file entry-v7.pdb (PDB, C-alpha atoms and all ligand atoms)
MODEL        1
ATOM      1  CA  MET A   1     -50.722 -32.970  47.422  1.00  0.00           C
ATOM      2  CA  ILE A   2     -53.116 -30.135  46.552  1.00  0.00           C
ATOM      3  CA  GLY A   3     -56.075 -30.920  44.269  1.00  0.00           C
ATOM      4  CA  ILE A   4     -57.267 -28.188  41.901  1.00  0.00           C
ATOM      5  CA  ILE A   5     -60.492 -28.439  39.908  1.00  0.00           C
ATOM      6  CA  GLY A   6     -61.871 -26.011  37.340  1.00  0.00           C
ATOM      7  CA  ALA A   7     -65.005 -26.468  35.258  1.00  0.00           C
ATOM      8  CA  MET A   8     -63.840 -25.108  31.910  1.00  0.00           C
ATOM      9  CA  GLN A   9     -60.579 -25.579  30.043  1.00  0.00           C
ATOM     10  CA  MET A  10     -59.846 -21.842  30.333  1.00  0.00           C
ATOM     11  CA  GLU A  11     -60.067 -22.196  34.131  1.00  0.00           C
ATOM     12  CA  VAL A  12     -57.346 -24.869  34.314  1.00  0.00           C
ATOM     13  CA  GLU A  13     -55.023 -24.285  31.336  1.00  0.00           C
ATOM     14  CA  GLY A  14     -52.927 -21.755  33.286  1.00  0.00           C
ATOM     15  CA  TYR A  15     -52.061 -24.450  35.863  1.00  0.00           C
ATOM     16  CA  LEU A  16     -51.190 -27.011  33.199  1.00  0.00           C
ATOM     17  CA  GLN A  17     -48.919 -24.543  31.391  1.00  0.00           C
ATOM     18  CA  VAL A  18     -46.662 -24.247  34.453  1.00  0.00           C
ATOM     19  CA  MET A  19     -46.881 -27.822  35.774  1.00  0.00           C
ATOM     20  CA  HIS A  20     -43.483 -29.566  35.687  1.00  0.00           C
ATOM     21  CA  GLU A  21     -43.507 -32.879  33.779  1.00  0.00           C
ATOM     22  CA  PRO A  22     -47.212 -33.680  34.283  1.00  0.00           C
ATOM     23  CA  VAL A  23     -48.287 -37.309  34.526  1.00  0.00           C
ATOM     24  CA  THR A  24     -51.689 -38.038  33.022  1.00  0.00           C
ATOM     25  CA  LYS A  25     -54.292 -40.413  34.416  1.00  0.00           C
ATOM     26  CA  LYS A  26     -57.793 -40.883  33.024  1.00  0.00           C
ATOM     27  CA  VAL A  27     -60.995 -41.953  34.756  1.00  0.00           C
ATOM     28  CA  GLY A  28     -63.613 -42.194  32.042  1.00  0.00           C
ATOM     29  CA  LEU A  29     -63.677 -38.780  30.373  1.00  0.00           C
ATOM     30  CA  HIS A  30     -61.979 -36.982  33.264  1.00  0.00           C
ATOM     31  CA  THR A  31     -58.225 -36.463  32.875  1.00  0.00           C
ATOM     32  CA  PHE A  32     -56.051 -35.814  35.941  1.00  0.00           C
ATOM     33  CA  TYR A  33     -52.662 -34.102  35.557  1.00  0.00           C
ATOM     34  CA  SER A  34     -50.276 -34.570  38.477  1.00  0.00           C
ATOM     35  CA  GLY A  35     -46.904 -32.924  38.927  1.00  0.00           C
ATOM     36  CA  GLN A  36     -45.226 -29.994  40.639  1.00  0.00           C
ATOM     37  CA  ILE A  37     -46.226 -26.362  40.293  1.00  0.00           C
ATOM     38  CA  ASP A  38     -43.582 -24.076  41.811  1.00  0.00           C
ATOM     39  CA  GLY A  39     -42.201 -27.063  43.739  1.00  0.00           C
ATOM     40  CA  VAL A  40     -45.605 -28.057  45.172  1.00  0.00           C
ATOM     41  CA  ASP A  41     -47.199 -31.447  44.421  1.00  0.00           C
ATOM     42  CA  CYS A  42     -50.512 -30.802  42.683  1.00  0.00           C
ATOM     43  CA  VAL A  43     -53.177 -32.617  40.727  1.00  0.00           C
ATOM     44  CA  VAL A  44     -55.306 -30.618  38.297  1.00  0.00           C
ATOM     45  CA  ALA A  45     -58.499 -31.563  36.458  1.00  0.00           C
ATOM     46  CA  CYS A  46     -61.120 -29.939  34.265  1.00  0.00           C
ATOM     47  CA  CYS A  47     -64.456 -31.322  35.474  1.00  0.00           C
ATOM     48  CA  GLY A  48     -66.936 -29.843  32.968  1.00  0.00           C
ATOM     49  CA  GLU A  49     -69.758 -27.516  33.976  1.00  0.00           C
ATOM     50  CA  GLY A  50     -72.385 -28.469  36.533  1.00  0.00           C
ATOM     51  CA  LYS A  51     -72.709 -30.163  39.890  1.00  0.00           C
ATOM     52  CA  VAL A  52     -72.636 -33.817  38.843  1.00  0.00           C
ATOM     53  CA  ASN A  53     -69.519 -33.362  36.693  1.00  0.00           C
ATOM     54  CA  ALA A  54     -67.857 -31.528  39.556  1.00  0.00           C
ATOM     55  CA  ALA A  55     -68.767 -33.989  42.312  1.00  0.00           C
ATOM     56  CA  LEU A  56     -67.683 -37.025  40.292  1.00  0.00           C
ATOM     57  CA  CYS A  57     -64.399 -35.392  39.362  1.00  0.00           C
ATOM     58  CA  ALA A  58     -63.747 -34.457  43.001  1.00  0.00           C
ATOM     59  CA  GLN A  59     -64.555 -37.984  44.123  1.00  0.00           C
ATOM     60  CA  SER A  60     -62.233 -39.587  41.561  1.00  0.00           C
ATOM     61  CA  MET A  61     -59.506 -37.121  42.492  1.00  0.00           C
ATOM     62  CA  MET A  62     -59.832 -37.919  46.201  1.00  0.00           C
ATOM     63  CA  LEU A  63     -59.794 -41.676  45.616  1.00  0.00           C
ATOM     64  CA  LEU A  64     -56.853 -41.618  43.204  1.00  0.00           C
ATOM     65  CA  PHE A  65     -54.605 -38.922  44.672  1.00  0.00           C
ATOM     66  CA  HIS A  66     -55.664 -38.395  48.315  1.00  0.00           C
ATOM     67  CA  PRO A  67     -55.201 -34.594  48.235  1.00  0.00           C
ATOM     68  CA  GLN A  68     -54.926 -32.917  51.654  1.00  0.00           C
ATOM     69  CA  LEU A  69     -56.793 -29.900  50.270  1.00  0.00           C
ATOM     70  CA  LEU A  70     -59.286 -29.602  47.416  1.00  0.00           C
ATOM     71  CA  ILE A  71     -59.502 -26.241  45.646  1.00  0.00           C
ATOM     72  CA  ASN A  72     -62.136 -25.172  43.167  1.00  0.00           C
ATOM     73  CA  SER A  73     -60.873 -22.221  41.165  1.00  0.00           C
ATOM     74  CA  GLY A  74     -62.532 -20.335  38.337  1.00  0.00           C
ATOM     75  CA  VAL A  75     -65.106 -17.673  37.508  1.00  0.00           C
ATOM     76  CA  ALA A  76     -68.500 -16.722  38.910  1.00  0.00           C
ATOM     77  CA  GLY A  77     -71.344 -14.273  38.650  1.00  0.00           C
ATOM     78  CA  GLY A  78     -71.066 -11.605  41.358  1.00  0.00           C
ATOM     79  CA  ILE A  79     -74.238 -10.890  43.334  1.00  0.00           C
ATOM     80  CA  GLY A  80     -75.055  -7.585  44.974  1.00  0.00           C
ATOM     81  CA  LYS A  81     -74.300  -4.050  43.874  1.00  0.00           C
ATOM     82  CA  ASP A  82     -70.832  -4.045  45.452  1.00  0.00           C
ATOM     83  CA  VAL A  83     -69.381  -7.186  43.843  1.00  0.00           C
ATOM     84  CA  HIS A  84     -67.862  -6.087  40.543  1.00  0.00           C
ATOM     85  CA  ILE A  85     -66.439  -7.847  37.514  1.00  0.00           C
ATOM     86  CA  GLY A  86     -62.757  -8.489  38.276  1.00  0.00           C
ATOM     87  CA  ASP A  87     -63.297  -8.800  42.045  1.00  0.00           C
ATOM     88  CA  VAL A  88     -62.421 -12.068  43.760  1.00  0.00           C
ATOM     89  CA  VAL A  89     -64.854 -13.988  45.978  1.00  0.00           C
ATOM     90  CA  PHE A  90     -63.783 -16.736  48.398  1.00  0.00           C
ATOM     91  CA  ALA A  91     -66.360 -19.063  49.860  1.00  0.00           C
ATOM     92  CA  GLY A  92     -66.922 -18.803  53.593  1.00  0.00           C
ATOM     93  CA  SER A  93     -69.400 -21.513  52.802  1.00  0.00           C
ATOM     94  CA  VAL A  94     -71.194 -22.937  49.776  1.00  0.00           C
ATOM     95  CA  VAL A  95     -74.780 -23.931  49.131  1.00  0.00           C
ATOM     96  CA  GLU A  96     -76.584 -25.933  46.433  1.00  0.00           C
ATOM     97  CA  HIS A  97     -79.209 -23.323  45.611  1.00  0.00           C
ATOM     98  CA  ASP A  98     -81.290 -25.674  43.436  1.00  0.00           C
ATOM     99  CA  MET A  99     -81.421 -28.521  45.996  1.00  0.00           C
ATOM    100  CA  ASP A 100     -85.097 -28.407  46.948  1.00  0.00           C
ATOM    101  CA  ILE A 101     -86.963 -30.818  49.207  1.00  0.00           C
ATOM    102  CA  THR A 102     -88.987 -28.042  50.831  1.00  0.00           C
ATOM    103  CA  PRO A 103     -92.321 -29.878  50.235  1.00  0.00           C
ATOM    104  CA  LEU A 104     -91.068 -32.455  52.757  1.00  0.00           C
ATOM    105  CA  GLY A 105     -90.479 -29.759  55.362  1.00  0.00           C
ATOM    106  CA  TYR A 106     -86.732 -29.264  54.913  1.00  0.00           C
ATOM    107  CA  PRO A 107     -85.137 -25.835  54.404  1.00  0.00           C
ATOM    108  CA  MET A 108     -84.167 -24.844  50.864  1.00  0.00           C
ATOM    109  CA  GLY A 109     -80.698 -26.188  49.988  1.00  0.00           C
ATOM    110  CA  TYR A 110     -80.810 -28.921  52.639  1.00  0.00           C
ATOM    111  CA  VAL A 111     -78.501 -31.801  51.697  1.00  0.00           C
ATOM    112  CA  CYS A 112     -79.563 -35.222  52.969  1.00  0.00           C
ATOM    113  CA  GLY A 113     -76.799 -37.509  54.163  1.00  0.00           C
ATOM    114  CA  ILE A 114     -74.628 -34.706  55.446  1.00  0.00           C
ATOM    115  CA  ASP A 115     -77.589 -33.044  57.144  1.00  0.00           C
ATOM    116  CA  ARG A 116     -76.865 -29.392  56.383  1.00  0.00           C
ATOM    117  CA  VAL A 117     -77.601 -26.509  54.044  1.00  0.00           C
ATOM    118  CA  GLU A 118     -74.226 -24.754  53.981  1.00  0.00           C
ATOM    119  CA  MET A 119     -70.862 -26.465  53.672  1.00  0.00           C
ATOM    120  CA  GLU A 120     -68.000 -24.523  55.217  1.00  0.00           C
ATOM    121  CA  ALA A 121     -64.741 -23.912  53.393  1.00  0.00           C
ATOM    122  CA  ASP A 122     -61.423 -24.444  55.186  1.00  0.00           C
ATOM    123  CA  GLU A 123     -60.837 -21.305  57.255  1.00  0.00           C
ATOM    124  CA  LYS A 124     -57.044 -21.277  57.417  1.00  0.00           C
ATOM    125  CA  ALA A 125     -56.362 -22.030  53.753  1.00  0.00           C
ATOM    126  CA  THR A 126     -59.003 -19.470  52.726  1.00  0.00           C
ATOM    127  CA  ALA A 127     -57.533 -16.814  55.033  1.00  0.00           C
ATOM    128  CA  LEU A 128     -54.047 -17.427  53.618  1.00  0.00           C
ATOM    129  CA  LEU A 129     -55.280 -17.086  50.032  1.00  0.00           C
ATOM    130  CA  MET A 130     -57.290 -13.965  50.838  1.00  0.00           C
ATOM    131  CA  GLU A 131     -54.235 -12.350  52.373  1.00  0.00           C
ATOM    132  CA  GLU A 132     -52.258 -13.134  49.196  1.00  0.00           C
ATOM    133  CA  ALA A 133     -55.081 -11.829  47.012  1.00  0.00           C
ATOM    134  CA  ARG A 134     -55.207  -8.535  48.893  1.00  0.00           C
ATOM    135  CA  HIS A 135     -51.502  -8.004  48.156  1.00  0.00           C
ATOM    136  CA  VAL A 136     -51.828  -8.806  44.472  1.00  0.00           C
ATOM    137  CA  TYR A 137     -55.113  -7.143  43.443  1.00  0.00           C
ATOM    138  CA  ASP A 138     -56.487  -3.703  43.020  1.00  0.00           C
ATOM    139  CA  GLY A 139     -60.029  -5.203  42.833  1.00  0.00           C
ATOM    140  CA  THR A 140     -61.910  -6.081  46.032  1.00  0.00           C
ATOM    141  CA  VAL A 141     -61.458  -9.462  47.699  1.00  0.00           C
ATOM    142  CA  TRP A 142     -64.638 -10.787  49.293  1.00  0.00           C
ATOM    143  CA  GLN A 143     -65.538 -13.730  51.489  1.00  0.00           C
ATOM    144  CA  GLY A 144     -69.093 -14.997  51.719  1.00  0.00           C
ATOM    145  CA  LEU A 145     -71.685 -17.468  50.593  1.00  0.00           C
ATOM    146  CA  ILE A 146     -71.237 -18.941  47.113  1.00  0.00           C
ATOM    147  CA  ALA A 147     -74.334 -20.569  45.611  1.00  0.00           C
ATOM    148  CA  SER A 148     -74.014 -23.355  43.034  1.00  0.00           C
ATOM    149  CA  GLY A 149     -76.692 -24.822  40.800  1.00  0.00           C
ATOM    150  CA  ASP A 150     -77.139 -26.468  37.431  1.00  0.00           C
ATOM    151  CA  GLN A 151     -78.137 -23.158  35.885  1.00  0.00           C
ATOM    152  CA  PHE A 152     -76.385 -20.213  34.262  1.00  0.00           C
ATOM    153  CA  ILE A 153     -77.886 -17.241  36.104  1.00  0.00           C
ATOM    154  CA  ALA A 154     -78.815 -14.269  33.922  1.00  0.00           C
ATOM    155  CA  GLY A 155     -81.244 -12.282  36.062  1.00  0.00           C
ATOM    156  CA  GLY A 156     -84.963 -12.996  36.087  1.00  0.00           C
ATOM    157  CA  GLU A 157     -86.707 -15.554  38.271  1.00  0.00           C
ATOM    158  CA  LYS A 158     -83.648 -17.706  38.876  1.00  0.00           C
ATOM    159  CA  MET A 159     -81.705 -14.815  40.393  1.00  0.00           C
ATOM    160  CA  ALA A 160     -84.777 -13.732  42.389  1.00  0.00           C
ATOM    161  CA  ARG A 161     -85.070 -17.256  43.798  1.00  0.00           C
ATOM    162  CA  ILE A 162     -81.433 -17.341  44.927  1.00  0.00           C
ATOM    163  CA  LEU A 163     -81.862 -13.983  46.647  1.00  0.00           C
ATOM    164  CA  GLN A 164     -85.155 -15.063  48.210  1.00  0.00           C
ATOM    165  CA  TYR A 165     -83.718 -18.180  49.832  1.00  0.00           C
ATOM    166  CA  PHE A 166     -80.060 -17.200  50.214  1.00  0.00           C
ATOM    167  CA  PRO A 167     -79.990 -13.392  50.568  1.00  0.00           C
ATOM    168  CA  LYS A 168     -76.358 -13.355  51.717  1.00  0.00           C
ATOM    169  CA  THR A 169     -75.092 -14.909  48.467  1.00  0.00           C
ATOM    170  CA  MET A 170     -72.091 -13.069  47.000  1.00  0.00           C
ATOM    171  CA  ALA A 171     -71.505 -15.188  43.905  1.00  0.00           C
ATOM    172  CA  CYS A 172     -73.255 -17.799  41.799  1.00  0.00           C
ATOM    173  CA  GLU A 173     -71.633 -20.557  39.799  1.00  0.00           C
ATOM    174  CA  MET A 174     -72.214 -24.212  38.950  1.00  0.00           C
ATOM    175  CA  GLU A 175     -69.671 -26.403  40.785  1.00  0.00           C
ATOM    176  CA  GLY A 176     -68.294 -25.049  44.077  1.00  0.00           C
ATOM    177  CA  ALA A 177     -70.959 -26.523  46.357  1.00  0.00           C
ATOM    178  CA  ALA A 178     -70.787 -29.891  44.597  1.00  0.00           C
ATOM    179  CA  ILE A 179     -67.041 -30.011  45.190  1.00  0.00           C
ATOM    180  CA  GLY A 180     -67.643 -28.882  48.767  1.00  0.00           C
ATOM    181  CA  HIS A 181     -70.295 -31.584  49.166  1.00  0.00           C
ATOM    182  CA  ALA A 182     -67.942 -34.301  47.846  1.00  0.00           C
ATOM    183  CA  ALA A 183     -65.131 -32.947  50.046  1.00  0.00           C
ATOM    184  CA  VAL A 184     -67.331 -33.063  53.170  1.00  0.00           C
ATOM    185  CA  LEU A 185     -68.276 -36.664  52.368  1.00  0.00           C
ATOM    186  CA  GLY A 186     -64.602 -37.508  51.737  1.00  0.00           C
ATOM    187  CA  GLN A 187     -63.512 -35.584  54.883  1.00  0.00           C
ATOM    188  CA  VAL A 188     -61.098 -33.422  52.906  1.00  0.00           C
ATOM    189  CA  PRO A 189     -60.882 -29.658  53.562  1.00  0.00           C
ATOM    190  CA  PHE A 190     -61.853 -27.475  50.620  1.00  0.00           C
ATOM    191  CA  VAL A 191     -61.553 -23.934  49.287  1.00  0.00           C
ATOM    192  CA  VAL A 192     -63.599 -22.194  46.584  1.00  0.00           C
ATOM    193  CA  LEU A 193     -61.931 -19.256  44.866  1.00  0.00           C
ATOM    194  CA  ARG A 194     -63.769 -17.402  42.106  1.00  0.00           C
ATOM    195  CA  ALA A 195     -62.963 -14.277  40.100  1.00  0.00           C
ATOM    196  CA  ILE A 196     -66.032 -12.405  38.890  1.00  0.00           C
ATOM    197  CA  SER A 197     -66.816 -12.570  35.163  1.00  0.00           C
ATOM    198  CA  ASP A 198     -70.359 -11.091  35.218  1.00  0.00           C
ATOM    199  CA  ASN A 199     -73.125 -10.127  37.637  1.00  0.00           C
ATOM    200  CA  GLY A 200     -75.632 -12.909  37.038  1.00  0.00           C
ATOM    201  CA  ASN A 201     -78.001 -10.249  35.655  1.00  0.00           C
ATOM    202  CA  ASP A 202     -79.519  -9.451  32.252  1.00  0.00           C
ATOM    203  CA  ASP A 203     -76.045  -8.435  31.012  1.00  0.00           C
ATOM    204  CA  ALA A 204     -74.468 -11.761  32.063  1.00  0.00           C
ATOM    205  CA  LYS A 205     -74.844 -13.365  28.648  1.00  0.00           C
ATOM    206  CA  VAL A 206     -72.794 -10.529  27.128  1.00  0.00           C
ATOM    207  CA  ASP A 207     -70.368 -10.033  30.037  1.00  0.00           C
ATOM    208  CA  PHE A 208     -69.514 -13.705  30.617  1.00  0.00           C
ATOM    209  CA  PRO A 209     -68.029 -14.346  27.137  1.00  0.00           C
ATOM    210  CA  GLN A 210     -66.205 -11.034  27.336  1.00  0.00           C
ATOM    211  CA  PHE A 211     -64.683 -11.359  30.820  1.00  0.00           C
ATOM    212  CA  ALA A 212     -64.460 -15.113  31.598  1.00  0.00           C
ATOM    213  CA  GLN A 213     -60.925 -15.414  30.176  1.00  0.00           C
ATOM    214  CA  MET A 214     -59.680 -12.449  32.221  1.00  0.00           C
ATOM    215  CA  ALA A 215     -61.345 -13.764  35.391  1.00  0.00           C
ATOM    216  CA  SER A 216     -60.000 -17.300  34.824  1.00  0.00           C
ATOM    217  CA  LYS A 217     -56.459 -15.935  34.533  1.00  0.00           C
ATOM    218  CA  LYS A 218     -56.936 -13.940  37.728  1.00  0.00           C
ATOM    219  CA  SER A 219     -57.906 -16.926  39.834  1.00  0.00           C
ATOM    220  CA  VAL A 220     -55.090 -19.039  38.351  1.00  0.00           C
ATOM    221  CA  GLN A 221     -52.459 -16.349  38.972  1.00  0.00           C
ATOM    222  CA  LEU A 222     -53.595 -15.849  42.531  1.00  0.00           C
ATOM    223  CA  LEU A 223     -53.513 -19.526  43.422  1.00  0.00           C
ATOM    224  CA  ILE A 224     -50.187 -20.230  41.714  1.00  0.00           C
ATOM    225  CA  GLY A 225     -48.599 -17.311  43.596  1.00  0.00           C
ATOM    226  CA  ALA A 226     -49.780 -18.735  46.920  1.00  0.00           C
ATOM    227  CA  LEU A 227     -49.071 -22.458  46.402  1.00  0.00           C
ATOM    228  CA  PRO A 228     -45.738 -22.632  48.312  1.00  0.00           C
ATOM    229  CA  LYS A 229     -47.287 -20.925  51.374  1.00  0.00           C
ATOM    230  CA  LEU A 230     -50.337 -23.151  51.097  1.00  0.00           C
ATOM    231  CA  ALA A 231     -48.105 -26.246  51.017  1.00  0.00           C
ATOM    232  CA  THR A 232     -46.332 -25.041  54.190  1.00  0.00           C
ATOM    233  CA  LEU A 233     -49.691 -24.536  55.908  1.00  0.00           C
ATOM    234  CA  ILE A 234     -50.818 -28.028  54.956  1.00  0.00           C
ATOM    235  CA  LYS A 235     -47.585 -29.518  56.317  1.00  0.00           C
ATOM    236  CA  GLN A 236     -48.032 -27.635  59.610  1.00  0.00           C
ATOM    237  CA  GLU A 237     -51.618 -28.830  59.903  1.00  0.00           C
ATOM    238  CA  GLY A 238     -50.288 -32.393  59.492  1.00  0.00           C
TER     239      GLY A 238
HETATM  240  N1  LIG B 301     -70.255 -18.690  36.184  1.00  0.00           N
HETATM  241  C1  LIG B 301     -69.913 -17.441  35.814  1.00  0.00           C
HETATM  242  N2  LIG B 301     -70.993 -16.649  35.722  1.00  0.00           N
HETATM  243  C2  LIG B 301     -72.059 -17.417  36.038  1.00  0.00           C
HETATM  244  C3  LIG B 301     -73.447 -17.177  36.111  1.00  0.00           C
HETATM  245  N3  LIG B 301     -73.945 -15.982  35.838  1.00  0.00           N
HETATM  246  N4  LIG B 301     -74.250 -18.209  36.462  1.00  0.00           N
HETATM  247  C4  LIG B 301     -73.745 -19.421  36.745  1.00  0.00           C
HETATM  248  N5  LIG B 301     -72.429 -19.703  36.674  1.00  0.00           N
HETATM  249  C5  LIG B 301     -71.592 -18.714  36.328  1.00  0.00           C
ENDMDL
END
call {"tool": "encode", "arguments": {"input": "entry-v7.pdb", "output": "structure tokens", "more": "lines below"}}
Ligand code: ADE
result
Amino acid sequence: MIGIIGAMQMEVEGYLQVMHEPVTKKVGLHTFYSGQIDGVDCVVACCGEGKVNAALCAQSMMLLFHPQLLINSGVAGGIGKDVHIGDVVFAGSVVEHDMDITPLGYPMGYVCGIDRVEMEADEKATALLMEEARHVYDGTVWQGLIASGDQFIAGGEKMARILQYFPKTMACEMEGAAIGHAAVLGQVPFVVLRAISDNGNDDAKVDFPQFAQMASKKSVQLLIGALPKLATLIKQEG
């Protein structure tokens, strides 16, 4: 079973449209749709924006469905002059950029309990998806640090702060690191796959509404195309 979480309806509707005879299960306000996509057992949920929504959804999904792999797919703001709208960014690792206990002497982003700043995405599943993406896309496929926080980044101080503490960041969004955090706690491998809808700059508030639908479709298409191969990989990994 592969678990797929998106924050917004537009980030998950493409999966639900092609899921064969979905079965619905609710936990509070989170709805989980399980069924086959292209012959692969999947569970899909829309978590709502932000880290708490995402972590709780991931936790419920792990407890109810025991996925062997947790995937966060959707859109993100690209960071750096080379990451363009329409590109795809895979997490090498994720960080909670607004997790701050620096006054107590910890590094920015340090997560108590799991004792780390960056949470690493599953290497093999990410490599497989990147290979697929490179075949399908004319845009660039990147791998790097994805920073998540409970903030929509539109330039200014918030962007400056991310770059100050996490200069290698390639994309910013609001859920990936929370899903990664929950997955680390649940000992489930995870992948974060994001298509770029804006650049987290002054133009982001105009670009995001214009390009989020296109970017959502991109990430959905890419993952659906790779699901059978991903299922084979998971079987091999046992
Ligand atoms: N998701 C897509 N674009 C984003 C941005 N600029 N900030 C936070 N999350 C995003």
call {"tool": "closest_residue", "arguments": {"input": "entry-v7.pdb", "among": "A:Ile234, A:Met214, A:Ile153, A:Leu16", "to": "Asp87 of chain A", "atoms": "all atoms listed in the file"}}
result
A:Met214
call {"tool": "axis_aligned_box", "arguments": {"input": "entry-v7.pdb", "around": "segment 73-84 of chain A", "padding_each_side": "3 Å", "output": "AutoDock Vina command-line options"}}
result
--center_x -68.0 --center_y -13.1 --center_z 41.5 --size_x 20.2 --size_y 24.2 --size_z 13.9
call {"tool": "residues_near_ligand", "arguments": {"input": "entry-v7.pdb", "ligand": "ligand LIG 301 (chain B)", "cutoff": "8 Å", "atoms": "all atoms listed in the file", "output": "JSON, numbers by chain"}}
result
{"A": [75, 76, 77, 78, 148, 149, 150, 151, 152, 153, 154, 172, 173, 174, 196, 197, 198, 199, 200, 201, 204, 205, 208, 212]}
call {"tool": "closest_residue", "arguments": {"input": "entry-v7.pdb", "among": "A:Met10, A:Met170, A:Val44, A:Ile85", "to": "Val23 of chain A", "atoms": "only C-alpha atoms"}}
result
A:Val44
call {"tool": "residues_around", "arguments": {"input": "entry-v7.pdb", "residues": "Lys51 of chain A", "least_positions_apart": "2", "cutoff": "10 Å", "atoms": "only C-alpha atoms", "output": "compact mmCIF listing (two decimals) with C-alpha atoms, in the frame of the given file"}}
result
# COMPACT_ATOMS: atom_id res chain seq x y z
CA ALA A 7 -65.00 -26.47 35.26
CA CYS A 47 -64.46 -31.32 35.47
CA GLY A 48 -66.94 -29.84 32.97
CA GLU A 49 -69.76 -27.52 33.98
CA ASN A 53 -69.52 -33.36 36.69
CA ALA A 54 -67.86 -31.53 39.56
CA ALA A 55 -68.77 -33.99 42.31
CA LEU A 56 -67.68 -37.02 40.29
CA CYS A 57 -64.40 -35.39 39.36
CA GLU A 96 -76.58 -25.93 46.43
CA SER A 148 -74.01 -23.36 43.03
CA GLY A 149 -76.69 -24.82 40.80
CA ASP A 150 -77.14 -26.47 37.43
CA GLN A 151 -78.14 -23.16 35.88
CA GLU A 173 -71.63 -20.56 39.80
CA MET A 174 -72.21 -24.21 38.95
CA GLU A 175 -69.67 -26.40 40.78
CA GLY A 176 -68.29 -25.05 44.08
CA ALA A 177 -70.96 -26.52 46.36
CA ALA A 178 -70.79 -29.89 44.60
CA ILE A 179 -67.04 -30.01 45.19
CA HIS A 181 -70.30 -31.58 49.17
call {"tool": "resolve_selection", "arguments": {"input": "entry-v7.pdb", "expression": "the PyMOL selection byres (((chain A and resi 46) around 8) and not hetatm)", "output": "PyMOL selection string"}}
result
chain A and resi 5-9+11-12+30-32+44-45+47-48
call {"tool": "closest_residue", "arguments": {"input": "entry-v7.pdb", "among": "A:Ile2, A:Ile224, A:Ala195, A:Ala91", "to": "Ala127 of chain A", "atoms": "all atoms listed in the file"}}
result
A:Ala91
call {"tool": "closest_residue", "arguments": {"input": "entry-v7.pdb", "among": "A:Val52, A:Asn72, A:Gly156, A:Ile114", "to": "Ser216 of chain A", "atoms": "all atoms listed in the file"}}
result
A:Asn72
call {"tool": "closest_residue", "arguments": {"input": "entry-v7.pdb", "among": "A:Leu230, A:Val95, A:Val111, A:Leu222", "to": "Pro167 of chain A", "atoms": "all atoms listed in the file"}}
result
A:Val95
call {"tool": "closest_residue", "arguments": {"input": "entry-v7.pdb", "among": "A:Arg194, A:His135, A:Lys158, A:His66", "to": "Asp98 of chain A", "atoms": "only C-alpha atoms"}}
result
A:Lys158
call {"tool": "atom_distance", "arguments": {"input": "entry-v7.pdb", "atom1": "atom CA of Gln59 of chain A", "atom2": "atom CA of Val141 of chain A"}}
result
28.9 Å
call {"tool": "resolve_selection", "arguments": {"input": "entry-v7.pdb", "expression": "the PyMOL selection byres (((chain A and resi 235) around 12) and not hetatm)", "output": "list in words"}}
result
Met1, Ile2, Val40, Gln68, Leu69, Ala125, Pro228, Lys229, Leu230, Ala231, Thr232, Leu233, Ile234, Gln236, Glu237 and Gly238 of chain A
call {"tool": "atom_distance", "arguments": {"input": "entry-v7.pdb", "atom1": "atom CA of Leu145 of chain A", "atom2": "atom CA of Glu123 of chain A"}}
result
13.3 Å
call {"tool": "residues_near_point", "arguments": {"input": "entry-v7.pdb", "point": "(-49.2, -16.0, 48.2)", "cutoff": "7 Å", "atoms": "all atoms listed in the file", "output": "VMD selection string"}}
result
chain A and resid 129 132 225 to 227 229
call {"tool": "residues_around", "arguments": {"input": "entry-v7.pdb", "residues": "Met19 of chain A", "least_positions_apart": "6", "cutoff": "7 Å", "atoms": "all atoms listed in the file", "output": "PDB file with C-alpha atoms, in the coordinates of the input"}}
result
ATOM      1  CA  GLY A  35     -46.904 -32.924  38.927  1.00  0.00           C
ATOM      2  CA  GLN A  36     -45.226 -29.994  40.639  1.00  0.00           C
ATOM      3  CA  ILE A  37     -46.226 -26.362  40.293  1.00  0.00           C
TER       4      ILE A  37
END
call {"tool": "atom_distance", "arguments": {"input": "entry-v7.pdb", "atom1": "atom CA of Val89 of chain A", "atom2": "atom CA of Ile101 of chain A"}}
result
28.0 Å
call {"tool": "residues_around", "arguments": {"input": "entry-v7.pdb", "residues": "Lys168 of chain A", "least_positions_apart": "4", "cutoff": "12 Å", "atoms": "all atoms listed in the file", "output": "mmCIF file with C-alpha atoms, in the frame of the given file"}}
result
data_model
loop_
_atom_site.group_PDB
_atom_site.id
_atom_site.type_symbol
_atom_site.label_atom_id
_atom_site.label_comp_id
_atom_site.auth_asym_id
_atom_site.auth_seq_id
_atom_site.Cartn_x
_atom_site.Cartn_y
_atom_site.Cartn_z
ATOM 1 C CA GLY A 78 -71.066 -11.605 41.358
ATOM 2 C CA ILE A 79 -74.238 -10.890 43.334
ATOM 3 C CA GLY A 80 -75.055 -7.585 44.974
ATOM 4 C CA ALA A 91 -66.360 -19.063 49.860
ATOM 5 C CA GLY A 92 -66.922 -18.803 53.593
ATOM 6 C CA SER A 93 -69.400 -21.513 52.802
ATOM 7 C CA VAL A 94 -71.194 -22.937 49.776
ATOM 8 C CA VAL A 95 -74.780 -23.931 49.131
ATOM 9 C CA GLU A 118 -74.226 -24.754 53.981
ATOM 10 C CA GLN A 143 -65.538 -13.730 51.489
ATOM 11 C CA GLY A 144 -69.093 -14.997 51.719
ATOM 12 C CA LEU A 145 -71.685 -17.468 50.593
ATOM 13 C CA ILE A 146 -71.237 -18.941 47.113
ATOM 14 C CA ALA A 147 -74.334 -20.569 45.611
ATOM 15 C CA ILE A 162 -81.433 -17.341 44.927
ATOM 16 C CA LEU A 163 -81.862 -13.983 46.647
ATOM 17 C CA GLN A 164 -85.155 -15.063 48.210
ATOM 18 C CA CYS A 172 -73.255 -17.799 41.799
#
